[in-house]
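> This one is input-v8.csv, CSV, C-alpha atoms.
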```csv
chain,number,residue,atom,x,y,z
B,1278,MET,CA,-19.9,-20.1,78.4
B,1279,SER,CA,-21.2,-19.2,81.9
B,1280,GLU,CA,-24.8,-18.5,82.8
B,1281,GLU,CA,-24.0,-14.8,83.3
B,1282,GLU,CA,-22.5,-14.5,79.9
B,1283,ARG,CA,-25.6,-16.1,78.3
B,1284,GLU,CA,-27.9,-13.7,80.2
B,1285,HIS,CA,-25.8,-10.7,79.1
B,1286,ILE,CA,-25.9,-11.8,75.4
B,1287,SER,CA,-29.7,-12.4,75.7
B,1288,GLU,CA,-30.2,-8.9,77.1
B,1289,GLU,CA,-28.1,-7.4,74.3
B,1290,GLN,CA,-30.2,-9.2,71.7
B,1291,GLU,CA,-33.4,-8.0,73.4
B,1292,ASP,CA,-32.0,-4.4,73.4
B,1293,ILE,CA,-31.3,-4.6,69.6
B,1294,GLY,CA,-34.7,-6.0,68.9
B,1295,ILE,CA,-36.3,-3.2,71.0
B,1296,ASN,CA,-34.2,-0.6,69.2
B,1297,LEU,CA,-35.1,-1.8,65.8
B,1298,PHE,CA,-38.8,-2.0,66.8
B,1299,GLU,CA,-38.6,1.6,68.0
B,1300,TYR,CA,-37.1,2.7,64.7
B,1301,LEU,CA,-39.9,1.0,62.8
B,1302,ILE,CA,-42.5,2.7,65.0
B,1303,VAL,CA,-40.9,6.1,64.3
B,1304,LEU,CA,-40.9,5.4,60.5
B,1305,LEU,CA,-44.5,4.3,60.6
B,1306,LYS,CA,-45.4,7.4,62.6
B,1307,ARG,CA,-43.7,9.6,60.0
B,1308,LYS,CA,-44.9,7.7,57.0
B,1309,LYS,CA,-46.7,10.7,55.5
B,1310,LEU,CA,-43.4,12.6,55.5
B,1311,ILE,CA,-41.6,9.6,53.9
B,1312,ILE,CA,-44.4,9.3,51.2
B,1313,LEU,CA,-44.4,13.1,50.6
B,1314,ILE,CA,-40.7,13.0,49.8
B,1315,THR,CA,-40.3,9.7,48.1
B,1316,LEU,CA,-43.4,9.6,45.9
B,1317,PRO,CA,-42.9,13.0,44.1
B,1318,VAL,CA,-39.3,12.0,43.4
B,1319,ALA,CA,-40.4,8.6,42.0
B,1320,ILE,CA,-43.1,10.3,39.8
B,1321,ILE,CA,-40.7,13.0,38.6
B,1322,SER,CA,-38.0,10.4,37.8
B,1323,ILE,CA,-40.4,8.2,35.9
B,1324,ILE,CA,-41.7,11.2,33.9
B,1325,ILE,CA,-38.2,12.4,33.1
B,1326,SER,CA,-37.2,8.8,32.0
B,1327,ILE,CA,-40.2,8.7,29.6
B,1328,LEU,CA,-39.8,12.2,28.3
B,1329,SER,CA,-36.1,12.0,27.9
B,1330,SER,CA,-36.3,9.4,25.2
B,1331,ILE,CA,-35.1,10.4,21.7
B,1332,SER,CA,-35.9,9.1,18.3
B,1333,PHE,CA,-33.2,7.7,16.0
B,1334,TYR,CA,-32.8,5.5,13.0
B,1335,GLN,CA,-30.6,2.4,13.2
B,1336,ALA,CA,-28.9,1.0,10.1
B,1337,ASP,CA,-26.7,-2.0,10.1
B,1338,THR,CA,-24.6,-4.0,7.6
B,1339,SER,CA,-23.3,-7.5,8.0
B,1340,ILE,CA,-19.9,-8.6,6.6
B,1341,PHE,CA,-18.1,-11.9,6.5
B,1342,VAL,CA,-14.4,-11.9,7.2
B,1343,SER,CA,-12.8,-14.9,5.6
B,1344,GLN,CA,-10.8,-17.1,8.0
B,1345,GLU,CA,-8.9,-18.9,5.1
B,1346,LYS,CA,-5.3,-18.1,5.0
B,1347,LYS,CA,-3.9,-17.2,1.6
B,1348,THR,CA,-0.6,-18.9,1.4
B,1349,SER,CA,1.4,-18.4,-1.8
B,1350,ARG,CA,4.5,-20.4,-2.8
B,1351,ALA,CA,6.5,-17.4,-1.8
B,1352,SER,CA,5.0,-17.4,1.7
B,1353,GLN,CA,5.6,-21.1,2.1
B,1354,LEU,CA,9.3,-20.7,1.2
B,1355,LEU,CA,9.6,-17.8,3.6
B,1356,ASP,CA,8.1,-19.9,6.4
B,1357,GLN,CA,10.3,-22.9,5.6
B,1358,LEU,CA,13.4,-20.7,5.6
B,1359,GLY,CA,12.4,-18.9,8.8
B,1360,LEU,CA,12.6,-15.6,6.9
B,1361,THR,CA,8.9,-14.5,7.3
B,1362,ALA,CA,9.0,-10.8,7.9
B,1363,ALA,CA,7.5,-9.4,11.1
B,1364,GLY,CA,3.9,-8.4,10.6
B,1365,SER,CA,3.4,-10.6,7.5
B,1366,GLU,CA,1.0,-13.0,9.2
B,1367,ASN,CA,-2.4,-13.4,7.6
B,1368,ILE,CA,-4.4,-10.3,8.4
B,1369,TYR,CA,-7.8,-11.7,7.4
B,1370,SER,CA,-7.8,-14.1,10.3
B,1371,ASN,CA,-7.2,-11.3,12.8
B,1372,GLU,CA,-10.7,-9.9,13.3
B,1373,LYS,CA,-9.5,-7.9,16.2
B,1374,LEU,CA,-7.3,-5.9,13.9
B,1375,LEU,CA,-10.3,-5.0,11.8
B,1376,VAL,CA,-12.1,-3.6,14.8
B,1377,GLU,CA,-9.1,-1.7,15.9
B,1378,ILE,CA,-8.8,-0.2,12.4
B,1379,MET,CA,-12.4,1.0,12.5
B,1380,LYS,CA,-11.8,2.5,16.0
B,1381,SER,CA,-8.6,4.2,15.0
B,1382,ARG,CA,-8.2,7.9,15.0
B,1383,THR,CA,-7.3,8.1,11.3
B,1384,PHE,CA,-10.2,5.9,10.2
B,1385,THR,CA,-12.8,7.7,12.3
B,1386,HIS,CA,-11.6,11.1,11.2
B,1387,LYS,CA,-12.0,10.0,7.6
B,1388,ILE,CA,-15.7,9.1,8.3
B,1389,ILE,CA,-16.2,12.3,10.2
B,1390,ASP,CA,-14.9,14.4,7.3
B,1391,LEU,CA,-16.7,12.3,4.7
B,1392,PHE,CA,-20.1,13.1,6.2
B,1393,ASN,CA,-19.3,16.4,8.0
B,1394,LEU,CA,-20.2,14.8,11.3
B,1395,LYS,CA,-18.4,17.5,13.2
B,1396,GLY,CA,-20.9,20.0,12.0
B,1397,SER,CA,-23.9,17.7,12.3
B,1398,TYR,CA,-23.1,16.8,15.9
B,1399,GLY,CA,-22.3,20.4,16.8
B,1400,ALA,CA,-18.8,19.3,18.0
B,1401,LYS,CA,-16.1,21.9,18.5
B,1402,ASP,CA,-13.3,19.5,17.6
B,1403,TYR,CA,-12.5,16.0,16.4
B,1404,ASP,CA,-12.2,14.6,19.9
B,1405,GLU,CA,-15.7,15.7,20.8
B,1406,ALA,CA,-17.0,14.5,17.4
B,1407,ARG,CA,-15.4,11.1,17.9
B,1408,LYS,CA,-16.9,10.8,21.3
B,1409,ILE,CA,-20.4,11.4,19.9
B,1410,PHE,CA,-19.7,9.1,17.0
B,1411,PHE,CA,-18.7,6.2,19.2
B,1412,GLY,CA,-21.9,6.7,21.1
B,1413,ARG,CA,-23.8,5.9,17.8
B,1414,PHE,CA,-21.4,3.4,16.3
B,1415,LYS,CA,-21.3,-0.2,17.4
B,1416,ILE,CA,-19.5,-3.4,16.2
B,1417,VAL,CA,-20.8,-6.8,17.0
B,1418,PRO,CA,-18.8,-8.7,18.1
B,1419,ASP,CA,-16.4,-6.2,19.3
B,1420,PHE,CA,-13.1,-8.1,19.6
B,1421,THR,CA,-11.5,-5.3,21.6
B,1422,ASP,CA,-14.2,-5.6,24.3
B,1423,SER,CA,-13.5,-8.8,26.2
B,1424,THR,CA,-16.9,-8.8,27.9
B,1425,GLN,CA,-18.9,-8.4,24.7
B,1426,PHE,CA,-16.6,-10.8,22.8
B,1427,ARG,CA,-17.3,-13.6,25.2
B,1428,SER,CA,-21.1,-13.1,25.1
B,1429,SER,CA,-21.1,-12.7,21.3
B,1430,ARG,CA,-19.1,-15.8,20.8
B,1431,LEU,CA,-21.8,-17.9,22.5
B,1432,ASN,CA,-23.8,-17.4,19.3
B,1433,GLN,CA,-21.0,-18.7,17.2
B,1434,SER,CA,-21.9,-16.4,14.3
B,1435,PRO,CA,-19.2,-15.9,11.7
B,1436,LEU,CA,-20.6,-12.5,10.7
B,1437,MET,CA,-19.6,-9.1,11.9
B,1438,ARG,CA,-22.3,-6.4,12.2
B,1439,ILE,CA,-21.6,-2.7,11.9
B,1440,ILE,CA,-24.4,-0.6,13.5
B,1441,ILE,CA,-24.9,3.1,13.0
B,1442,LYS,CA,-27.5,5.3,14.8
B,1443,ASP,CA,-28.5,8.7,13.3
B,1444,ASN,CA,-31.4,11.1,13.3
B,1445,ASN,CA,-31.6,10.7,9.5
B,1446,ALA,CA,-32.5,7.2,8.1
B,1447,LYS,CA,-30.6,7.7,4.8
B,1448,LYS,CA,-27.6,9.1,6.4
B,1449,ALA,CA,-27.4,6.2,8.9
B,1450,ALA,CA,-27.3,3.7,6.0
B,1451,GLU,CA,-24.8,5.7,4.1
B,1452,ILE,CA,-22.4,5.9,7.0
B,1453,ALA,CA,-22.7,2.2,7.7
B,1454,ASN,CA,-21.9,1.3,4.1
B,1455,ALA,CA,-19.1,3.9,3.9
B,1456,ILE,CA,-17.4,2.3,6.9
B,1457,VAL,CA,-17.3,-1.1,5.1
B,1458,GLU,CA,-16.0,0.5,1.9
B,1459,GLU,CA,-13.3,2.4,3.8
B,1460,LEU,CA,-12.4,-0.8,5.8
B,1461,THR,CA,-11.9,-2.7,2.5
B,1462,VAL,CA,-9.6,0.0,1.2
B,1463,TYR,CA,-7.6,-0.1,4.4
B,1464,VAL,CA,-7.3,-3.8,4.4
B,1465,ASN,CA,-6.4,-3.9,0.7
B,1466,ASN,CA,-3.6,-1.4,1.4
B,1467,ILE,CA,-2.2,-3.6,4.2
B,1468,ALA,CA,-2.5,-6.7,2.0
B,1469,LEU,CA,-0.8,-5.0,-0.9
B,1470,SER,CA,1.9,-3.7,1.5
B,1471,LYS,CA,2.5,-7.3,2.6
B,1472,ALA,CA,2.6,-8.6,-1.0
B,1473,SER,CA,4.9,-5.7,-2.0
B,1474,ARG,CA,7.2,-6.6,0.9
B,1475,GLN,CA,7.4,-10.1,-0.3
B,1476,ARG,CA,8.1,-9.0,-3.9
B,1477,LEU,CA,10.8,-6.7,-2.7
B,1478,PHE,CA,12.2,-9.4,-0.5
B,1479,PHE,CA,12.6,-11.8,-3.5
B,1480,ALA,CA,13.8,-9.1,-5.8
B,1481,LYS,CA,16.6,-8.4,-3.4
B,1482,HIS,CA,17.5,-12.1,-3.0
B,1483,LEU,CA,17.2,-12.6,-6.8
B,1484,LYS,CA,19.9,-9.9,-7.2
B,1485,LEU,CA,22.1,-11.6,-4.7
B,1486,ALA,CA,21.6,-15.0,-6.3
B,1487,SER,CA,22.4,-13.5,-9.7
B,1488,ASP,CA,25.6,-11.9,-8.5
B,1489,ALA,CA,26.6,-15.2,-6.8
B,1490,LEU,CA,25.9,-17.1,-10.0
B,1491,ILE,CA,28.0,-14.7,-12.0
B,1492,ASN,CA,30.9,-15.1,-9.5
B,1493,ALA,CA,30.6,-18.9,-9.7
B,1494,GLU,CA,30.6,-18.8,-13.5
B,1495,GLU,CA,33.7,-16.6,-13.5
B,1496,ASP,CA,35.5,-18.9,-11.2
B,1497,MET,CA,34.7,-21.9,-13.5
B,1498,GLN,CA,35.9,-19.8,-16.5
B,1499,ALA,CA,39.2,-19.0,-14.7
B,1500,PHE,CA,39.7,-22.7,-13.8
B,1501,GLN,CA,39.0,-23.7,-17.4
B,1502,GLU,CA,41.5,-21.2,-18.7
B,1503,LYS,CA,44.1,-22.3,-16.2
B,1504,THR,CA,43.8,-26.0,-16.9
B,1505,GLY,CA,42.9,-25.9,-20.6
B,1506,ILE,CA,39.8,-28.1,-20.1
B,1507,LEU,CA,36.6,-26.6,-21.4
B,1508,PHE,CA,34.1,-29.0,-19.8
B,1509,VAL,CA,34.5,-31.9,-17.5
B,1510,GLY,CA,31.1,-32.7,-16.0
B,1511,GLU,CA,30.1,-34.2,-12.7
B,1512,LYS,CA,31.8,-37.6,-13.1
B,1513,LEU,CA,35.2,-36.2,-13.9
B,1514,ASN,CA,35.9,-38.8,-16.5
B,1515,ILE,CA,39.2,-37.5,-17.9
B,1516,PRO,CA,42.7,-39.0,-17.7
B,1517,VAL,CA,44.0,-38.8,-14.2
B,1518,ASP,CA,47.4,-37.4,-15.3
B,1519,LYS,CA,45.6,-34.2,-16.4
B,1520,PHE,CA,44.8,-33.4,-12.7
B,1521,THR,CA,46.6,-33.5,-9.5
B,1522,PRO,CA,44.6,-34.2,-6.3
B,1523,LYS,CA,44.7,-30.6,-5.5
B,1524,LEU,CA,43.2,-29.6,-8.8
B,1525,ILE,CA,40.6,-32.3,-8.5
B,1526,LEU,CA,39.5,-30.9,-5.1
B,1527,GLU,CA,39.5,-27.3,-6.5
B,1528,TYR,CA,37.4,-28.4,-9.4
B,1529,LYS,CA,34.8,-30.2,-7.2
B,1530,ARG,CA,34.4,-27.0,-5.1
B,1531,ILE,CA,34.0,-24.8,-8.1
B,1532,PHE,CA,31.6,-27.1,-9.8
B,1533,ARG,CA,29.5,-27.6,-6.6
B,1534,ASP,CA,29.3,-23.8,-6.1
B,1535,LEU,CA,28.3,-23.3,-9.7
B,1536,LYS,CA,25.5,-25.9,-9.5
B,1537,PHE,CA,24.3,-24.6,-6.1
B,1538,ASN,CA,24.1,-21.0,-7.4
B,1539,GLU,CA,22.3,-22.1,-10.6
B,1540,THR,CA,19.7,-23.8,-8.5
B,1541,MET,CA,19.2,-20.9,-6.1
B,1542,TYR,CA,18.9,-18.5,-9.0
B,1543,GLU,CA,16.2,-20.6,-10.7
B,1544,ILE,CA,14.3,-20.8,-7.4
B,1545,MET,CA,14.5,-17.1,-6.8
B,1546,VAL,CA,13.3,-16.3,-10.3
B,1547,LYS,CA,10.2,-18.5,-9.8
B,1548,GLN,CA,9.5,-17.0,-6.4
B,1549,TYR,CA,9.9,-13.5,-7.6
B,1550,GLU,CA,7.5,-14.1,-10.5
B,1551,SER,CA,5.0,-15.7,-8.0
B,1552,ALA,CA,5.3,-12.7,-5.7
B,1553,LYS,CA,4.5,-10.3,-8.6
B,1554,ILE,CA,1.4,-12.3,-9.5
B,1555,GLU,CA,0.4,-12.5,-5.8
B,1556,GLU,CA,0.8,-8.7,-5.5
B,1557,SER,CA,-1.3,-8.1,-8.6
B,1558,LYS,CA,-4.3,-10.3,-7.6
B,1559,ASN,CA,-4.2,-9.6,-3.8
B,1560,ALA,CA,-7.6,-8.5,-2.5
B,1561,ALA,CA,-9.4,-8.2,0.8
B,1562,SER,CA,-11.4,-11.2,2.0
B,1563,ILE,CA,-14.3,-9.0,3.3
B,1564,GLN,CA,-17.6,-9.9,1.8
B,1565,ILE,CA,-20.8,-7.9,2.3
B,1566,ILE,CA,-23.6,-10.1,3.3
B,1567,ASP,CA,-26.3,-7.5,4.0
B,1568,LYS,CA,-25.8,-4.0,2.7
B,1569,ALA,CA,-27.2,-1.3,5.0
B,1570,VAL,CA,-30.5,0.2,3.8
B,1571,PRO,CA,-32.4,3.2,5.2
B,1572,PRO,CA,-34.7,2.0,8.1
B,1573,LEU,CA,-38.4,2.7,7.7
B,1574,LYS,CA,-39.2,3.3,11.3
B,1575,PRO,CA,-37.3,5.1,14.0
B,1576,ARG,CA,-36.4,3.6,17.4
B,1577,GLN,CA,-36.6,5.1,20.9
B,1578,MET,CA,-33.6,5.6,23.2
B,1579,ARG,CA,-33.8,6.9,26.7
B,1580,THR,CA,-31.1,9.3,27.8
B,1581,TRP,CA,-32.4,9.1,31.4
B,1582,GLY,CA,-32.9,5.3,31.9
B,1583,GLY,CA,-35.0,3.4,34.4
B,1584,ARG,CA,-31.9,2.6,36.4
B,1585,TYR,CA,-31.5,6.3,37.2
B,1586,ALA,CA,-35.2,6.6,38.2
B,1587,VAL,CA,-34.9,3.7,40.6
B,1588,THR,CA,-31.7,5.1,42.1
B,1589,ALA,CA,-33.2,8.5,42.6
B,1590,THR,CA,-36.3,7.0,44.3
B,1591,LEU,CA,-34.2,4.8,46.6
B,1592,LEU,CA,-32.0,7.8,47.6
B,1593,ALA,CA,-35.2,9.9,48.3
B,1594,PHE,CA,-36.6,7.1,50.5
B,1595,LEU,CA,-33.4,6.7,52.5
B,1596,PHE,CA,-33.2,10.5,53.0
B,1597,SER,CA,-36.8,10.7,54.1
B,1598,CYS,CA,-36.2,7.8,56.6
B,1599,PHE,CA,-33.1,9.6,58.0
B,1600,LEU,CA,-35.1,12.9,58.2
B,1601,ALA,CA,-37.9,11.2,60.1
B,1602,LEU,CA,-35.5,9.7,62.6
B,1603,ALA,CA,-33.8,13.0,63.0
B,1604,LEU,CA,-37.0,14.9,63.6
B,1605,GLU,CA,-38.1,12.4,66.2
B,1606,TYR,CA,-34.8,12.6,67.9
B,1607,TYR,CA,-35.0,16.4,68.3
B,1608,LYS,CA,-38.6,16.3,69.3
B,1609,ARG,CA,-38.2,14.0,72.3
B,1610,PRO,CA,-36.8,15.1,75.6
B,1611,SER,CA,-33.0,14.7,76.0
B,1612,GLU,CA,-33.4,12.0,78.6
B,1613,GLU,CA,-35.1,9.7,76.1
B,1614,HIS,CA,-32.4,10.1,73.4
B,1615,SER,CA,-30.2,7.5,75.0
B,1616,THR,CA,-33.0,5.0,75.2
B,1617,MET,CA,-34.1,5.4,71.5
B,1618,PHE,CA,-30.7,5.5,69.9
B,1619,LYS,CA,-28.9,3.2,72.3
B,1620,LYS,CA,-25.9,1.5,70.7
B,1621,SER,CA,-26.2,-2.2,70.4
```
Represent the structure from my file as structure tokens, please.

Amino acid sequence: MSEEEREHISEEQEDIGINLFEYLIVLLKRKKLIILITLPVAIISIIISILSSISFYQADTSIFVSQEKKTSRASQLLDQLGLTAAGSENIYSNEKLLVEIMKSRTFTHKIIDLFNLKGSYGAKDYDEARKIFFGRFKIVPDFTDSTQFRSSRLNQSPLMRIIIKDNNAKKAAEIANAIVEELTVYVNNIALSKASRQRLFFAKHLKLASDALINAEEDMQAFQEKTGILFVGEKLNIPVDKFTPKLILEYKRIFRDLKFNETMYEIMVKQYESAKIEESKNAASIQIIDKAVPPLKPRQMRTWGGRYAVTATLLAFLFSCFLALALEYYKRPSEEHSTMFKKS
């Protein structure tokens, strides 16, 4: 770099420093204007933030969702055969599904209707009522919210909290408890549907096994009538002159099919009975740890938060600074404009 270039850069840096210093002088000169604009906005914003707080009651209930997978003999056989129906995975280990159920349109409409929340909220339709409801309804951890899920999982708590805010303490507790009750009903219905699908699956295959066994028995009967031999057994210990090699092979096939179908029929009978028992005793693995009770004291919530007050104050300050520079610009003679607002 040449000496001239260094001198040029040094001059530019000096100009920038002078420019910034002149701006600072102007802002100090117009400090009253800046204060008169910024301070009232700050005071009004703080007052609004304080006065905009509303009282509400918060009720919450804690539930435990069992992570243990209920595996019946029927389910084990389905898994071994690779015949597990789609959607028959254990629903209790899928906590995200429970959250999605509680957030679903059908579920929330049921809660809204149960407590006439549309009228309480002054909502014109279900969509508006749901929007207000979700502002007062919280699930911790919310497995559909990736940010909240990661932060909640740091606590490693196995419990799920359902939080309801309402302007009535008793109603807040009732809504929270009703959500758990309805969730249990929904999960039970899904669980029963799963068990019913398994029972129907084995009922169908039991019928197929029964038909196959009847056909195998009829084939054995036809063979016995044709050969005149009522029973031979597995070892085939009869005079060789009674059978030709072809008949021996035919008998082996018929006997093998009969034994196979007898075994399959016995298996399907046992699995069908097991599926019926599983269906009758299937229940949700949702346990209430803490039932919601009406809170004694209300809480405060600000609709105009401190963040908005800071933002409004900062915008007022920037506006006042810009106004101060603009007034100084129009006040000075035109020949001084280029000196004060010279580009760096």
> As an MDAnalysis selection string, please: the residues near Asn1393 (chain B) (cut-off 12 Å, only C-alpha atoms, same-chain neighbours under 2 positions excluded).
chainID B and resid 1385:1391 1395:1400 1402:1403 1406:1407 1410 1448 1452
> In Å, how far is it from CA of Phe1537 (chain B) to CA of Arg1474 (chain B)?
25.8 Å
> Which is closer to His1482 (chain B) than all the others in B:Leu1602, B:Val1546, B:Ile1467, B:Ile1323, using all atoms listed in the file?
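Residue with the minimum atom-to-atom distance to His1482 (chain B): B:Val1546.
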> Using all atoms listed in the file, find the one residue out of B:Glu1377, B:Asp1404, B:Glu1527, B:Glu1451 that sits nearest to Met1497 (chain B).
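Counting all atoms listed in the file, the residue closest to Met1497 (chain B) is B:Glu1527.
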> Within 12 Å of (-19.1, -5.9, 8.9) (coordinates as in the file), grab all the protein and nucleic acid residues, counting all atoms listed in the file, and write them out as a PyMOL selection string.
chain B and resi 1337-1343+1372+1375-1376+1379+1415-1419+1435-1441+1453-1461+1562-1569
> Between B:Lys1380, B:Ala1449, B:Leu1483, B:Ser1326, which one has atoms that come closest to Leu1394 (chain B), using all atoms listed in the file?
B:Ala1449
